[in-house]
Amino acid sequence: MLSAKVSSPFFLIIFLLFRCSFSLTNSTSDILYDIYPFIRVFKNGTIQRFIGQDFAPAGLDPTTGVHSKDVIVSASNYFNLSARIYLPRAAAATPTHKLPLLVYFHGGGFFTESAFSPTYHRHLNSLVARARVVAVSVNYRLAPEHLLPIAYQDSWLALKWTFSHSRGNNAGQEPWLRKYADFRRVYLGGDSAGGNIANQIAIRVGLDPEIKVNGMFLNCPYFLGKKNESAGNNGYAETQMEKLWLYAYPNSSGLDDPLVNPVMDPTLKRVGCKRVLVYVAEKDVLRVRGWRYKEALERSGWKGEVKAVEVAGEGHVFNLINPTSPKAVAMLRVIAAFLNRP
């Protein structure tokens with residue numbers, strides 16, 4: 001069962017986490033594990049999520065003119081896999097001109113957040129408006145109720161569902177995708193844990209001849225490794241980042257598992273797109289891992305173009321914490337241009 005949530009926005013707490021160390025002591029022996037400020041799990045099964053639980057309804061965004069709606073990707077007796085689709089004002093203005101398609105995976109450390117949170121609803125509205133793209137934001141299932149690799153499996157299923165609308169038959173029935181999405185210009189994107197997921201989905205794309213993806217952007221991607229290569233000396237933040245992986249995927253091989261350390265991934269060369277854009281932030285403890293990803297991709301034999309951009313003076317997913325700052329606006333402009341390259 002879920003206990004009461006704390007209303008603090010997810011990325012504000014992330015902002016604080018990566019700039020200071022918290023001194024926390026569990027006052028009870030009833031706690032199974034504590035990954036503050038993300039989640040606390042008790043031995044009796046109670047799950048306390050501190051952040052990322054608020055819900056922003058779909059609909060018309062008056063600021064950007066972007067429309068959104070929620071859809072069921074896959075329904076069963078056990079769960080409904082859902083997503084939120086975004087449609088820019090440009091789609092209605094030029095209905096015969098199809099637009100690039102972005103499939104997006106949210107962050108949250110595999111434990112928190114959703115495609116429906118205010119942070120991601122605002123981010124997708126802004127990005128869709130600026131880039132003039134159709135977007136599918138995937139609401140994959142979270143740990144600890146659904147341990148990894150469930151999030152990867154859900155995300156792959158959502159991508160397959162999305163591409164079911166590209167075949168010129170009646171396989172996919174979502175009208176916004178059938179009418180407005182250009183399946184010759186498809187991109188993947190994600191931040192933090194969502195960037196990790198996007199990379200794994202791109203590798204699977206490289207093995208599926210029915211799915212074609214043009215490019216992928218990763219924002220402060222969540223990659224780790226046994227060798228400590230974090231930026232700065234924030235030991236608490238580094239420890240919490242490691243705990244997220246170890247508790248979200250207890251059956252993994254550890255911090256050098258290829259799913260979380262792409263430097264160790266022999267399949268990295270199969271990334272199924274021709275362009276990759278990686279954003280890292282100077283004060284992010286994951287900064288060096290983003291650079292290592294770029295270097296590993298270049299060494300892997302992958303036949304594509306990868307570019308990394310480091311933003312000075314900023315921390316983890318700074319553009320989501322303060323989306324109207326000059327650096328965040330500049331980043332949005334770069335990503336929008338990336339999604340519209342011929």
# chains A, B, ... in the order shown; residues from 1 in each chain; ligands from 1
>>> select_by_dssp(residues="segment 129-310 of chain A", states="helix (DSSP H, G or I)", output="PyMOL selection string")
chain A and resi 129-131+150-163+175-180+193-205+235-248+262-264+268-270+287-299
>>> closest_atom_pairs(of="segment 146-168 of chain A", to="segment 102-124 of chain A", cutoff="9 Å", atoms="only C-alpha atoms", output="CSV")
residue,atom,partner,partner_atom,distance
A:Leu147,CA,A:Phe110,CA,8.7
A:Leu148,CA,A:Phe110,CA,8.2
A:Ala151,CA,A:Phe110,CA,7.6
A:Ser155,CA,A:Phe105,CA,7.7
A:Ala158,CA,A:Val103,CA,8.8
A:Leu159,CA,A:Val103,CA,7.3
A:Thr162,CA,A:Val103,CA,8.4
>>> write_last_selection(atoms="C-alpha atoms", output="PDB file, in the first residue's frame")
ATOM      1  CA  LEU A 147      11.222  -4.655 -10.859  1.00  0.00           C
ATOM      2  CA  LEU A 148      13.463  -4.219 -13.864  1.00  0.00           C
ATOM      3  CA  ALA A 151      10.328  -0.934 -17.578  1.00  0.00           C
ATOM      4  CA  SER A 155       8.886   0.634 -23.286  1.00  0.00           C
ATOM      5  CA  ALA A 158       4.975   0.884 -26.447  1.00  0.00           C
ATOM      6  CA  LEU A 159       7.366   1.449 -29.347  1.00  0.00           C
ATOM      7  CA  THR A 162       3.478   3.086 -31.974  1.00  0.00           C
TER       8      THR A 162
END
>>> residues_around(residues="segment 281-292 of chain A", least_positions_apart="6", cutoff="6 Å", atoms="only C-alpha atoms", output="ChimeraX atom specification")
/A:223,230-231,310-316
>>> residues_around(residues="Val278 of chain A", least_positions_apart="2", cutoff="8 Å", atoms="only C-alpha atoms", output="count of residues only")
13
